[in-house]
$ cat target.txt   # compact mmCIF, C-alpha atoms and all ligand atoms
# COMPACT_ATOMS: atom_id res chain seq x y z
CA MET I 1 72.18 116.92 104.23
CA ILE I 2 73.97 113.76 103.21
CA PHE I 3 74.49 110.60 105.25
CA VAL I 4 77.91 109.01 104.75
CA THR I 5 78.80 105.59 106.13
CA GLY I 6 82.41 104.55 106.71
CA GLY I 7 83.51 108.18 106.66
CA ALA I 8 86.42 107.59 109.05
CA GLY I 9 88.14 105.22 106.60
CA PHE I 10 90.52 106.09 103.80
CA ILE I 11 88.13 107.06 101.01
CA GLY I 12 85.46 108.15 103.49
CA SER I 13 87.68 110.74 105.20
CA ASN I 14 88.80 112.10 101.86
CA PHE I 15 85.19 112.22 100.69
CA VAL I 16 83.92 114.04 103.80
CA LEU I 17 86.80 116.55 103.82
CA ASP I 18 86.43 117.24 100.08
CA TRP I 19 82.67 117.55 100.40
CA LEU I 20 82.82 120.13 103.18
CA ALA I 21 85.59 122.02 101.39
CA ARG I 22 83.22 122.50 98.45
CA SER I 23 79.78 122.68 99.94
CA GLU I 24 77.86 124.03 102.89
CA GLU I 25 75.62 120.97 102.89
CA PRO I 26 76.02 119.11 106.21
CA VAL I 27 77.39 115.58 106.51
CA LEU I 28 76.37 112.91 108.99
CA ASN I 29 79.06 110.24 109.28
CA LEU I 30 78.19 106.80 110.70
CA ASP I 31 81.27 104.67 111.30
CA LYS I 32 81.88 101.59 113.42
CA LEU I 33 85.54 102.54 113.88
CA THR I 34 86.99 99.17 113.11
CA TYR I 35 90.80 99.05 112.95
CA ALA I 36 90.43 100.86 109.57
CA GLY I 37 88.48 103.80 110.97
CA ASN I 38 90.56 106.71 112.19
CA PRO I 39 88.53 109.74 113.27
CA GLU I 40 91.76 111.68 113.69
CA ASN I 41 91.60 111.99 109.89
CA LEU I 42 88.61 114.27 110.44
CA ALA I 43 90.02 116.18 113.40
CA SER I 44 89.99 119.40 111.38
CA LEU I 45 86.18 119.22 111.42
CA GLN I 46 85.84 119.29 115.19
CA GLY I 47 83.51 122.10 116.12
CA ASP I 48 82.26 122.45 112.53
CA ALA I 49 78.48 122.68 112.75
CA ARG I 50 78.14 121.08 109.31
CA TYR I 51 79.66 117.80 110.50
CA ALA I 52 78.27 115.17 112.87
CA PHE I 53 79.85 111.86 113.75
CA VAL I 54 78.01 108.82 115.06
CA HIS I 55 79.87 105.77 116.28
CA GLY I 56 77.87 102.76 115.16
CA ASP I 57 77.30 99.88 112.78
CA ILE I 58 75.48 100.06 109.44
CA GLY I 59 74.05 96.68 110.44
CA ASP I 60 72.23 98.25 113.40
CA GLY I 61 68.88 98.75 111.72
CA GLU I 62 67.30 100.62 114.64
CA LEU I 63 70.16 103.07 114.87
CA VAL I 64 70.19 103.70 111.12
CA ALA I 65 66.39 104.12 111.09
CA ARG I 66 66.60 106.68 113.89
CA LEU I 67 69.39 108.61 112.17
CA LEU I 68 67.46 108.70 108.90
CA ARG I 69 64.29 109.84 110.69
CA ASP I 70 66.07 112.52 112.71
CA HIS I 71 68.32 113.91 109.97
CA GLN I 72 66.21 113.39 106.81
CA PRO I 73 69.17 113.06 104.43
CA ARG I 74 68.68 113.57 100.70
CA ALA I 75 71.25 110.84 100.01
CA VAL I 76 73.12 107.96 101.60
CA ILE I 77 76.68 107.32 100.42
CA ASN I 78 77.75 103.87 101.55
CA LEU I 79 81.50 103.61 102.03
CA ALA I 80 81.42 101.35 105.09
CA ALA I 81 83.03 98.00 104.38
CA GLU I 82 85.76 95.58 105.22
CA SER I 83 88.17 96.42 102.42
CA HIS I 84 91.44 94.51 102.59
CA VAL I 85 91.87 91.39 100.43
CA ASP I 86 94.60 89.84 102.63
CA ARG I 87 92.42 90.14 105.73
CA SER I 88 89.54 88.55 103.84
CA ILE I 89 91.73 85.53 103.13
CA HIS I 90 92.62 85.09 106.80
CA GLY I 91 89.21 86.00 108.23
CA PRO I 92 86.36 86.05 105.73
CA ALA I 93 83.59 86.12 108.36
CA ALA I 94 83.89 89.86 109.05
CA PHE I 95 83.58 90.50 105.32
CA VAL I 96 80.37 88.54 105.00
CA GLN I 97 79.06 90.19 108.16
CA THR I 98 79.69 93.80 107.13
CA ASN I 99 79.71 93.74 103.35
CA VAL I 100 76.71 91.44 102.99
CA VAL I 101 74.64 91.16 106.18
CA ALA I 102 75.14 94.67 107.56
CA THR I 103 74.74 96.19 104.09
CA PHE I 104 71.45 94.33 103.82
CA HIS I 105 70.28 95.86 107.12
CA LEU I 106 71.34 99.28 105.89
CA LEU I 107 69.36 98.77 102.69
CA GLU I 108 66.30 97.71 104.67
CA ALA I 109 66.46 100.82 106.84
CA VAL I 110 66.90 103.02 103.77
CA ARG I 111 64.04 101.28 101.96
CA ASN I 112 61.71 101.99 104.90
CA TYR I 113 62.87 105.60 105.03
CA PHE I 114 62.39 106.02 101.28
CA ALA I 115 58.90 104.52 101.53
CA GLY I 116 57.94 107.39 103.84
CA LEU I 117 59.26 110.14 101.56
CA GLN I 118 56.97 112.12 99.34
CA GLY I 119 57.18 114.80 96.69
CA GLU I 120 60.53 116.45 96.02
CA PRO I 121 62.50 114.63 98.75
CA ARG I 122 61.37 111.32 97.27
CA ARG I 123 62.15 112.35 93.70
CA LEU I 124 65.63 113.53 94.63
CA PHE I 125 66.64 110.80 97.09
CA ARG I 126 69.65 108.61 96.14
CA PHE I 127 71.49 105.65 97.66
CA LEU I 128 75.06 105.60 96.33
CA HIS I 129 76.86 102.32 96.90
CA VAL I 130 80.64 102.50 96.57
CA SER I 131 82.07 99.31 95.16
CA THR I 132 85.19 97.98 93.51
CA ASP I 133 86.42 96.79 90.12
CA GLU I 134 87.52 93.56 91.83
CA VAL I 135 83.98 92.15 91.47
CA PHE I 136 84.78 91.52 87.78
CA GLY I 137 87.59 89.09 88.56
CA SER I 138 90.96 88.85 86.84
CA LEU I 139 91.84 89.82 83.26
CA GLN I 140 94.21 88.10 80.87
CA ALA I 141 96.98 90.29 79.45
CA SER I 142 95.15 90.82 76.14
CA ASP I 143 91.59 91.25 77.53
CA PRO I 144 89.82 94.58 77.16
CA ALA I 145 89.31 96.60 80.35
CA PHE I 146 86.27 95.96 82.57
CA ARG I 147 83.05 97.48 81.30
CA GLU I 148 79.87 97.86 83.34
CA ASP I 149 78.26 94.91 81.54
CA ASN I 150 81.12 92.47 82.22
CA ALA I 151 80.05 89.39 84.17
CA TYR I 152 80.79 89.40 87.90
CA GLN I 153 83.53 86.85 88.62
CA PRO I 154 84.84 87.68 92.11
CA ASN I 155 87.81 85.59 93.27
CA SER I 156 88.54 86.63 96.86
CA PRO I 157 86.26 86.62 99.91
CA TYR I 158 86.55 90.43 99.78
CA SER I 159 85.44 90.76 96.17
CA ALA I 160 82.78 88.07 96.60
CA SER I 161 81.30 89.93 99.56
CA LYS I 162 81.37 93.22 97.62
CA ALA I 163 79.75 91.50 94.64
CA ALA I 164 77.02 90.19 96.94
CA SER I 165 76.32 93.69 98.25
CA ASP I 166 76.25 95.08 94.69
CA HIS I 167 73.64 92.46 93.81
CA LEU I 168 71.51 93.36 96.83
CA VAL I 169 71.71 97.03 95.90
CA ARG I 170 70.67 96.20 92.35
CA ALA I 171 67.78 94.06 93.62
CA TYR I 172 66.52 96.89 95.85
CA HIS I 173 66.21 99.03 92.76
CA HIS I 174 64.48 96.45 90.62
CA THR I 175 62.21 95.10 93.32
CA TYR I 176 61.45 98.11 95.50
CA GLY I 177 62.27 101.02 93.23
CA LEU I 178 64.99 102.35 95.55
CA PRO I 179 66.92 104.97 93.55
CA VAL I 180 70.34 103.39 93.82
CA LEU I 181 73.61 104.21 92.10
CA THR I 182 76.65 101.93 92.16
CA SER I 183 80.24 102.85 91.34
CA ASN I 184 82.95 100.26 90.71
CA CYS I 185 86.33 101.87 91.16
CA SER I 186 89.89 100.70 90.70
CA ASN I 187 92.70 100.84 93.31
CA ASN I 188 92.86 104.18 95.09
CA TYR I 189 95.89 105.83 96.61
CA GLY I 190 96.43 109.11 98.45
CA PRO I 191 96.31 110.70 101.91
CA PHE I 192 94.97 108.79 104.95
CA GLN I 193 95.28 105.30 103.44
CA PHE I 194 95.85 102.70 106.12
CA PRO I 195 99.34 101.22 105.78
CA GLU I 196 98.17 97.68 105.10
CA LYS I 197 97.54 98.54 101.43
CA LEU I 198 100.37 98.43 98.93
CA ILE I 199 101.45 102.07 98.56
CA PRO I 200 101.31 103.28 102.18
CA LEU I 201 102.74 99.96 103.41
CA MET I 202 105.75 100.43 101.15
CA ILE I 203 106.28 104.03 102.28
CA VAL I 204 105.93 103.23 105.97
CA ASN I 205 108.11 100.10 105.82
CA ALA I 206 110.79 101.88 103.82
CA LEU I 207 110.97 104.75 106.29
CA ALA I 208 111.38 102.20 109.09
CA GLY I 209 114.16 100.42 107.15
CA GLN I 210 112.01 97.30 106.85
CA ASN I 211 111.65 94.95 103.89
CA LEU I 212 109.23 95.85 101.11
CA PRO I 213 107.27 92.62 100.54
CA VAL I 214 106.29 92.14 96.89
CA TYR I 215 103.95 89.19 96.39
CA GLY I 216 105.20 86.64 93.84
CA ASP I 217 106.83 88.10 90.74
CA GLY I 218 105.27 91.55 91.29
CA LEU I 219 103.92 91.59 87.74
CA GLN I 220 100.27 91.71 88.82
CA ARG I 221 98.68 94.76 87.29
CA ARG I 222 96.22 97.22 88.80
CA ASP I 223 94.66 100.47 87.63
CA TRP I 224 95.53 103.24 90.11
CA LEU I 225 93.43 106.33 90.75
CA HIS I 226 94.07 109.22 93.13
CA VAL I 227 91.45 109.23 95.87
CA ALA I 228 90.55 112.87 95.13
CA ASP I 229 89.56 111.84 91.61
CA HIS I 230 87.45 109.02 93.03
CA CYS I 231 85.71 111.50 95.35
CA GLU I 232 84.99 113.79 92.41
CA ALA I 233 83.56 110.82 90.50
CA LEU I 234 81.31 109.99 93.45
CA ARG I 235 80.05 113.57 93.59
CA ARG I 236 79.28 113.48 89.86
CA VAL I 237 77.49 110.12 90.10
CA LEU I 238 75.46 111.40 93.03
CA GLU I 239 74.60 114.59 91.20
CA ALA I 240 73.79 113.29 87.75
CA GLY I 241 73.95 109.47 87.70
CA ARG I 242 70.85 107.65 86.52
CA PRO I 243 69.15 105.59 89.25
CA GLY I 244 69.70 101.87 88.76
CA GLU I 245 72.88 102.41 86.76
CA THR I 246 76.42 101.36 87.62
CA TYR I 247 79.50 103.40 86.74
CA ASN I 248 83.04 102.13 86.37
CA VAL I 249 85.68 104.53 87.67
CA GLY I 250 89.35 104.24 86.82
CA GLY I 251 92.48 106.19 86.05
CA ARG I 252 93.55 104.69 82.71
CA ASN I 253 96.71 104.09 84.62
CA GLU I 254 97.61 100.42 84.66
CA LEU I 255 100.89 99.51 86.33
CA ALA I 256 102.60 96.37 87.60
CA ASN I 257 103.03 96.24 91.38
CA ILE I 258 106.81 96.15 91.07
CA GLN I 259 106.71 99.38 89.05
CA ILE I 260 104.72 101.03 91.84
CA VAL I 261 107.14 99.86 94.50
CA GLN I 262 110.15 100.99 92.48
CA ARG I 263 108.55 104.40 91.92
CA VAL I 264 107.90 104.80 95.65
CA CYS I 265 111.53 103.85 96.34
CA ASP I 266 112.85 106.32 93.79
CA LEU I 267 110.73 109.13 95.22
CA LEU I 268 111.94 108.34 98.73
CA ASP I 269 115.54 108.29 97.45
CA GLU I 270 114.92 111.80 96.16
CA LEU I 271 112.83 113.23 99.02
CA ALA I 272 114.26 111.42 102.07
CA PRO I 273 117.51 109.67 101.09
CA ARG I 274 118.89 107.11 103.51
CA ALA I 275 122.48 106.32 104.38
CA GLY I 276 122.29 102.65 103.38
CA GLY I 277 121.76 103.28 99.63
CA SER I 278 118.63 103.17 97.50
CA PHE I 279 115.36 102.08 99.10
CA ARG I 280 115.11 99.63 96.19
CA GLY I 281 117.55 97.48 98.19
CA LEU I 282 114.70 96.74 100.63
CA ILE I 283 112.48 95.14 97.95
CA THR I 284 111.91 91.49 98.84
CA HIS I 285 109.85 89.04 96.82
CA VAL I 286 107.70 86.95 99.15
CA ALA I 287 105.17 84.13 98.70
CA ASP I 288 102.26 85.10 96.47
CA ARG I 289 98.77 85.85 97.83
CA PRO I 290 96.48 82.81 97.41
CA GLY I 291 94.15 83.22 94.44
CA HIS I 292 95.89 86.49 93.54
CA ASP I 293 94.12 88.28 90.68
CA ARG I 294 96.61 88.92 87.92
CA ARG I 295 95.21 91.99 86.28
CA TYR I 296 92.52 94.67 86.69
CA ALA I 297 91.85 97.41 84.17
CA VAL I 298 88.85 99.72 84.00
CA ASP I 299 87.07 101.16 81.02
CA ALA I 300 85.70 104.41 82.42
CA SER I 301 84.19 105.66 79.18
CA LYS I 302 80.58 105.51 80.45
CA ILE I 303 81.16 107.94 83.30
CA ALA I 304 83.27 110.12 80.97
CA THR I 305 80.59 110.27 78.27
CA GLU I 306 77.50 110.46 80.47
CA LEU I 307 78.75 112.51 83.38
CA GLY I 308 81.81 114.25 82.00
CA TRP I 309 84.13 112.84 84.67
CA ARG I 310 87.81 112.32 83.97
CA PRO I 311 90.70 111.97 86.41
CA ALA I 312 92.45 115.26 87.07
CA HIS I 313 95.61 113.86 88.68
CA THR I 314 98.39 112.18 86.74
CA PHE I 315 99.92 109.24 88.55
CA GLU I 316 103.33 110.90 88.53
CA GLU I 317 102.06 113.99 90.32
CA GLY I 318 99.68 112.05 92.59
CA ILE I 319 102.23 109.54 93.84
CA ARG I 320 104.77 112.28 94.53
CA GLN I 321 102.20 114.23 96.53
CA THR I 322 101.21 111.05 98.39
CA VAL I 323 104.77 110.11 99.34
CA GLN I 324 105.29 113.68 100.55
CA TRP I 325 102.04 113.53 102.54
CA TYR I 326 103.32 110.54 104.52
CA LEU I 327 106.76 112.10 104.94
CA ASP I 328 105.13 115.22 106.37
CA ARG I 329 103.09 113.25 108.93
CA PRO I 330 105.39 111.09 111.05
CA GLY I 331 102.99 111.51 113.99
CA TRP I 332 100.00 110.15 112.05
CA VAL I 333 102.08 107.21 110.84
CA GLU I 334 103.40 106.52 114.33
CA ARG I 335 99.95 106.59 115.94
CA VAL I 336 98.62 104.21 113.29
CA LYS I 337 101.60 101.88 113.73
CA THR I 338 101.38 101.78 117.53
CA GLY I 339 97.59 101.62 117.60
CA ALA I 340 97.40 104.91 119.54
CA TYR I 341 94.98 106.24 116.91
CA ARG I 342 92.36 103.95 118.38
CA GLU I 343 92.43 105.95 121.61
CA TRP I 344 91.50 109.10 119.72
CA VAL I 345 87.78 108.66 120.17
CA GLN I 346 88.15 108.06 123.88
CA ALA I 347 90.31 111.13 124.27
CA HIS I 348 88.18 113.44 122.16
CA TYR I 349 84.66 112.25 122.73
CA GLN I 350 84.99 110.64 126.17
CA GLY I 351 83.48 107.48 124.78
CA SER I 352 81.31 106.94 121.79
CA LEU I 353 78.85 109.45 120.48
CA GLN I 354 75.34 108.57 119.38
P1 LIG S 401 88.68 101.45 104.68
O1 LIG S 401 88.88 100.04 105.14
O2 LIG S 401 89.82 102.40 104.74
O3 LIG S 401 87.48 102.12 105.52
C1 LIG S 401 86.28 101.46 105.80
C2 LIG S 401 85.55 102.26 106.87
O4 LIG S 401 84.30 101.60 107.13
C3 LIG S 401 86.29 102.34 108.20
O5 LIG S 401 86.23 103.64 108.71
C4 LIG S 401 85.52 101.37 109.10
O6 LIG S 401 85.58 101.72 110.46
C5 LIG S 401 84.12 101.49 108.53
N1 LIG S 401 83.28 100.32 108.77
C6 LIG S 401 83.62 99.00 108.59
N2 LIG S 401 82.58 98.22 108.93
C7 LIG S 401 81.58 99.04 109.30
C8 LIG S 401 80.24 98.82 109.75
N3 LIG S 401 79.75 97.58 109.87
N4 LIG S 401 79.48 99.88 110.05
C9 LIG S 401 79.97 101.15 109.95
N5 LIG S 401 81.23 101.41 109.54
C10 LIG S 401 82.02 100.36 109.23
O7 LIG S 401 88.11 101.33 103.21
P2 LIG S 401 88.29 102.31 101.97
O8 LIG S 401 89.53 101.95 101.27
O9 LIG S 401 88.05 103.69 102.41
O10 LIG S 401 87.07 101.82 101.06
C11 LIG S 401 85.77 102.39 101.19
C12 LIG S 401 84.85 101.69 100.21
O11 LIG S 401 85.36 101.86 98.88
C13 LIG S 401 84.74 100.19 100.43
O12 LIG S 401 83.42 99.80 100.16
C14 LIG S 401 85.67 99.59 99.39
O13 LIG S 401 85.23 98.31 99.00
C15 LIG S 401 85.52 100.60 98.26
N6 LIG S 401 86.67 100.70 97.37
C16 LIG S 401 87.93 100.87 97.87
C17 LIG S 401 89.00 101.00 96.99
C18 LIG S 401 90.42 101.22 97.48
O14 LIG S 401 91.35 101.19 96.69
N7 LIG S 401 90.62 101.51 98.77
C19 LIG S 401 88.79 100.93 95.62
C20 LIG S 401 87.48 100.75 95.13
C21 LIG S 401 86.44 100.64 96.03
P1 LIG S 402 96.28 96.01 97.91
O1 LIG S 402 96.74 97.41 98.19
O2 LIG S 402 96.11 95.08 99.06
O3 LIG S 402 94.95 96.16 97.04
P2 LIG S 402 94.11 95.00 96.23
O4 LIG S 402 94.55 93.67 96.66
O5 LIG S 402 92.73 95.34 96.63
O6 LIG S 402 94.40 95.28 94.77
O7 LIG S 402 97.32 95.36 96.92
C1 LIG S 402 97.60 95.91 95.64
C2 LIG S 402 98.48 94.94 94.93
O8 LIG S 402 99.75 94.87 95.61
C3 LIG S 402 97.94 93.52 94.92
O9 LIG S 402 98.25 92.92 93.67
C4 LIG S 402 98.71 92.83 96.03
C5 LIG S 402 100.04 93.55 96.02
N1 LIG S 402 100.72 93.64 97.33
C6 LIG S 402 102.05 93.24 97.46
O10 LIG S 402 102.69 92.78 96.51
N2 LIG S 402 102.64 93.35 98.69
C7 LIG S 402 101.97 93.83 99.78
O11 LIG S 402 102.56 93.88 100.88
C8 LIG S 402 100.62 94.26 99.62
C9 LIG S 402 99.84 94.79 100.79
C10 LIG S 402 100.03 94.14 98.38

$ encode --input "target.txt" --output "structure tokens" --more "lines below"
Ligand code: NAD
Ligand code: TYD
Amino acid sequence: MIFVTGGAGFIGSNFVLDWLARSEEPVLNLDKLTYAGNPENLASLQGDARYAFVHGDIGDGELVARLLRDHQPRAVINLAAESHVDRSIHGPAAFVQTNVVATFHLLEAVRNYFAGLQGEPRRLFRFLHVSTDEVFGSLQASDPAFREDNAYQPNSPYSASKAASDHLVRAYHHTYGLPVLTSNCSNNYGPFQFPEKLIPLMIVNALAGQNLPVYGDGLQRRDWLHVADHCEALRRVLEAGRPGETYNVGGRNELANIQIVQRVCDLLDELAPRAGGSFRGLITHVADRPGHDRRYAVDASKIATELGWRPAHTFEEGIRQTVQWYLDRPGWVERVKTGAYREWVQAHYQGSLQ
């Protein structure tokens, strides 16, 4: 079985659902259910014997040790993190706590577990750490895309805390021989993304007739990858990645933020037109994010060459499917907006599970 952390978040829910759609191998999901965790995303797995959920913190070493002992996973896939740059600017402490301190406790528990493994389980065991391209900092317009050997130059408390965890993961390989894998992926989009991130925020605001806040001139560039392609990359890295290696994951799909927002507006004009004219009329330029990275771009040739991974979704098809996904789920959007999603655990589990 595999042990996933942060599986109730955006990428985590997609990863768990995709995994169980493709494999009979059970999944244990440990998630603290912060504001970003929404177990309703995994409601379709209720009653599925292959899936177990535990409400808890990756920083709780005793809990993680017990789960590892009881379930004997062949791999840990670490997706638990504080993940939103804007929140890291307003409250960096939670980022240091989870992305650095709690990740350290997780690594310690996994190191102890690994030390007790022998034979085949030891040879096959992997710790896959899911990280971001933001650790590499900001590119100039003419710079080549990030490669795995670029220097780490994180600029936000979020990316600095992720960089710190990447370094700890690396050190646990070099010092203790833990068979770690690290992936550094670009901006994801797709189903179940919390509407604080650019694409779902724009969809949800537009449908509510609210302004679409574009930071600064909107010419900041990101590489965008459909979350299903990221999940496939993670499966490939887990399956065939070389322990101690890092893999950059990206969509070769670099766009300016304003282009993204305009595309979302145009799709909404087509799929859910409003009386007041084009959704583009809601676009509002607002004050820029402090320290805002200007450009990210990912060179994903290593994972393509070594592991044969390439994105399967074009942006055009992926963004259309994503806009439609949100249009089809007004209830999900409403429960996230009102906070009712946070009552889901209470209602379905009568408190937290252990
Ligand atoms: P998310 O914020 O949607 O989900 C994070 C999940 O982790 C939530 O379910 C939350 O409850 C859980 N969590 C937080 N702290 C925890 C703790 N201490 N113990 C246990 N669970 C905890 O994030 P996401 O967008 O799904 O990102 C997942 C991972 O992928 C993160 O490490 C992020 O840095 C990385 N990543 C994200 C993107 C992106 O575009 N979203 C891109 C590249 C890498
Ligand atoms: P975001 O989804 O927060 O991801 P990240 O900061 O990790 O790249 O933001 C993507 C880009 O969109 C980033 O350049 C900031 C910008 N942005 C806006 O212009 N307006 C918004 O309301 C948000 C949330 C983001």

$ closest_atom_pairs --input "target.txt" --of "segment 95-179 of chain I" --to "segment 60-80 of chain I" --cutoff "12 Å" --atoms "only C-alpha atoms" --output "JSON lines"
{"residue": "I:Phe95", "atom": "CA", "partner": "I:Ala80", "partner_atom": "CA", "distance": 11.1}
{"residue": "I:Gln97", "atom": "CA", "partner": "I:Asp60", "partner_atom": "CA", "distance": 11.8}
{"residue": "I:Thr98", "atom": "CA", "partner": "I:Ala80", "partner_atom": "CA", "distance": 8.0}
{"residue": "I:Asn99", "atom": "CA", "partner": "I:Ala80", "partner_atom": "CA", "distance": 8.0}
{"residue": "I:Val100", "atom": "CA", "partner": "I:Ala80", "partner_atom": "CA", "distance": 11.2}
{"residue": "I:Val101", "atom": "CA", "partner": "I:Asp60", "partner_atom": "CA", "distance": 10.4}
{"residue": "I:Ala102", "atom": "CA", "partner": "I:Asp60", "partner_atom": "CA", "distance": 7.4}
{"residue": "I:Thr103", "atom": "CA", "partner": "I:Ala80", "partner_atom": "CA", "distance": 8.5}
{"residue": "I:Phe104", "atom": "CA", "partner": "I:Gly61", "partner_atom": "CA", "distance": 9.4}
{"residue": "I:His105", "atom": "CA", "partner": "I:Gly61", "partner_atom": "CA", "distance": 5.6}
{"residue": "I:Leu106", "atom": "CA", "partner": "I:Gly61", "partner_atom": "CA", "distance": 6.3}
{"residue": "I:Leu107", "atom": "CA", "partner": "I:Gly61", "partner_atom": "CA", "distance": 9.0}
{"residue": "I:Glu108", "atom": "CA", "partner": "I:Gly61", "partner_atom": "CA", "distance": 7.6}
{"residue": "I:Ala109", "atom": "CA", "partner": "I:Ala65", "partner_atom": "CA", "distance": 5.4}
{"residue": "I:Val110", "atom": "CA", "partner": "I:Ala65", "partner_atom": "CA", "distance": 7.4}
{"residue": "I:Arg111", "atom": "CA", "partner": "I:Ala65", "partner_atom": "CA", "distance": 9.8}
{"residue": "I:Asn112", "atom": "CA", "partner": "I:Ala65", "partner_atom": "CA", "distance": 8.0}
{"residue": "I:Tyr113", "atom": "CA", "partner": "I:Leu68", "partner_atom": "CA", "distance": 6.8}
{"residue": "I:Phe114", "atom": "CA", "partner": "I:Leu68", "partner_atom": "CA", "distance": 9.5}
{"residue": "I:Ala115", "atom": "CA", "partner": "I:Arg69", "partner_atom": "CA", "distance": 11.9}
{"residue": "I:Gly116", "atom": "CA", "partner": "I:Arg69", "partner_atom": "CA", "distance": 9.7}
{"residue": "I:Leu117", "atom": "CA", "partner": "I:Gln72", "partner_atom": "CA", "distance": 9.3}
{"residue": "I:Gln118", "atom": "CA", "partner": "I:Arg74", "partner_atom": "CA", "distance": 11.9}
{"residue": "I:Glu120", "atom": "CA", "partner": "I:Arg74", "partner_atom": "CA", "distance": 9.8}
{"residue": "I:Pro121", "atom": "CA", "partner": "I:Arg74", "partner_atom": "CA", "distance": 6.6}
{"residue": "I:Arg122", "atom": "CA", "partner": "I:Arg74", "partner_atom": "CA", "distance": 8.4}
{"residue": "I:Arg123", "atom": "CA", "partner": "I:Arg74", "partner_atom": "CA", "distance": 9.7}
{"residue": "I:Leu124", "atom": "CA", "partner": "I:Arg74", "partner_atom": "CA", "distance": 6.8}
{"residue": "I:Phe125", "atom": "CA", "partner": "I:Arg74", "partner_atom": "CA", "distance": 5.0}
{"residue": "I:Arg126", "atom": "CA", "partner": "I:Ala75", "partner_atom": "CA", "distance": 4.7}
{"residue": "I:Phe127", "atom": "CA", "partner": "I:Val76", "partner_atom": "CA", "distance": 4.8}
{"residue": "I:Leu128", "atom": "CA", "partner": "I:Ile77", "partner_atom": "CA", "distance": 4.7}
{"residue": "I:His129", "atom": "CA", "partner": "I:Asn78", "partner_atom": "CA", "distance": 5.0}
{"residue": "I:Val130", "atom": "CA", "partner": "I:Leu79", "partner_atom": "CA", "distance": 5.6}
{"residue": "I:Ser131", "atom": "CA", "partner": "I:Leu79", "partner_atom": "CA", "distance": 8.1}
{"residue": "I:Thr132", "atom": "CA", "partner": "I:Leu79", "partner_atom": "CA", "distance": 10.9}
{"residue": "I:Lys162", "atom": "CA", "partner": "I:Ala80", "partner_atom": "CA", "distance": 11.0}
{"residue": "I:Ser165", "atom": "CA", "partner": "I:Asn78", "partner_atom": "CA", "distance": 10.8}
{"residue": "I:Asp166", "atom": "CA", "partner": "I:Asn78", "partner_atom": "CA", "distance": 11.3}
{"residue": "I:Val169", "atom": "CA", "partner": "I:Asn78", "partner_atom": "CA", "distance": 10.7}
{"residue": "I:Leu178", "atom": "CA", "partner": "I:Ala75", "partner_atom": "CA", "distance": 11.5}
{"residue": "I:Pro179", "atom": "CA", "partner": "I:Ala75", "partner_atom": "CA", "distance": 9.7}

$ residues_around --input "target.txt" --residues "segment 204-216 of chain I" --least-positions-apart "4" --cutoff "6 Å" --atoms "only C-alpha atoms" --output "number ranges by chain"
I: 200, 282-288

$ residues_near_ligand --input "target.txt" --ligand "ligand LIG 402 (chain S)" --cutoff "10 Å" --atoms "only C-alpha atoms and all ligand atoms" --output "short mmCIF file (atom, residue, chain, number, x, y, z; two decimals) with C-alpha atoms, keeping the file's coordinate frame"
data_model
loop_
_atom_site.label_atom_id
_atom_site.label_comp_id
_atom_site.auth_asym_id
_atom_site.auth_seq_id
_atom_site.Cartn_x
_atom_site.Cartn_y
_atom_site.Cartn_z
CA SER I 83 88.17 96.42 102.42
CA HIS I 84 91.44 94.51 102.59
CA VAL I 85 91.87 91.39 100.43
CA ASP I 86 94.60 89.84 102.63
CA ARG I 87 92.42 90.14 105.73
CA THR I 132 85.19 97.98 93.51
CA ASP I 133 86.42 96.79 90.12
CA GLU I 134 87.52 93.56 91.83
CA SER I 156 88.54 86.63 96.86
CA TYR I 158 86.55 90.43 99.78
CA SER I 159 85.44 90.76 96.17
CA SER I 186 89.89 100.70 90.70
CA ASN I 187 92.70 100.84 93.31
CA ASN I 188 92.86 104.18 95.09
CA TYR I 189 95.89 105.83 96.61
CA GLN I 193 95.28 105.30 103.44
CA PHE I 194 95.85 102.70 106.12
CA PRO I 195 99.34 101.22 105.78
CA GLU I 196 98.17 97.68 105.10
CA LYS I 197 97.54 98.54 101.43
CA LEU I 198 100.37 98.43 98.93
CA ILE I 199 101.45 102.07 98.56
CA PRO I 200 101.31 103.28 102.18
CA LEU I 201 102.74 99.96 103.41
CA MET I 202 105.75 100.43 101.15
CA ASN I 205 108.11 100.10 105.82
CA ASN I 211 111.65 94.95 103.89
CA LEU I 212 109.23 95.85 101.11
CA PRO I 213 107.27 92.62 100.54
CA VAL I 214 106.29 92.14 96.89
CA TYR I 215 103.95 89.19 96.39
CA GLY I 216 105.20 86.64 93.84
CA ASP I 217 106.83 88.10 90.74
CA GLY I 218 105.27 91.55 91.29
CA LEU I 219 103.92 91.59 87.74
CA GLN I 220 100.27 91.71 88.82
CA ARG I 221 98.68 94.76 87.29
CA ARG I 222 96.22 97.22 88.80
CA ASP I 223 94.66 100.47 87.63
CA TRP I 224 95.53 103.24 90.11
CA ALA I 256 102.60 96.37 87.60
CA ASN I 257 103.03 96.24 91.38
CA ILE I 258 106.81 96.15 91.07
CA ILE I 260 104.72 101.03 91.84
CA VAL I 261 107.14 99.86 94.50
CA THR I 284 111.91 91.49 98.84
CA HIS I 285 109.85 89.04 96.82
CA VAL I 286 107.70 86.95 99.15
CA ALA I 287 105.17 84.13 98.70
CA ASP I 288 102.26 85.10 96.47
CA ARG I 289 98.77 85.85 97.83
CA HIS I 292 95.89 86.49 93.54
CA ASP I 293 94.12 88.28 90.68
CA ARG I 294 96.61 88.92 87.92
CA ARG I 295 95.21 91.99 86.28
CA TYR I 296 92.52 94.67 86.69
#

$ closest_residue --input "target.txt" --among "I:Ala312, I:Val16, I:Ala8, I:Ala240" --to "Tyr35 of chain I" --atoms "all atoms listed in the file"
I:Ala8
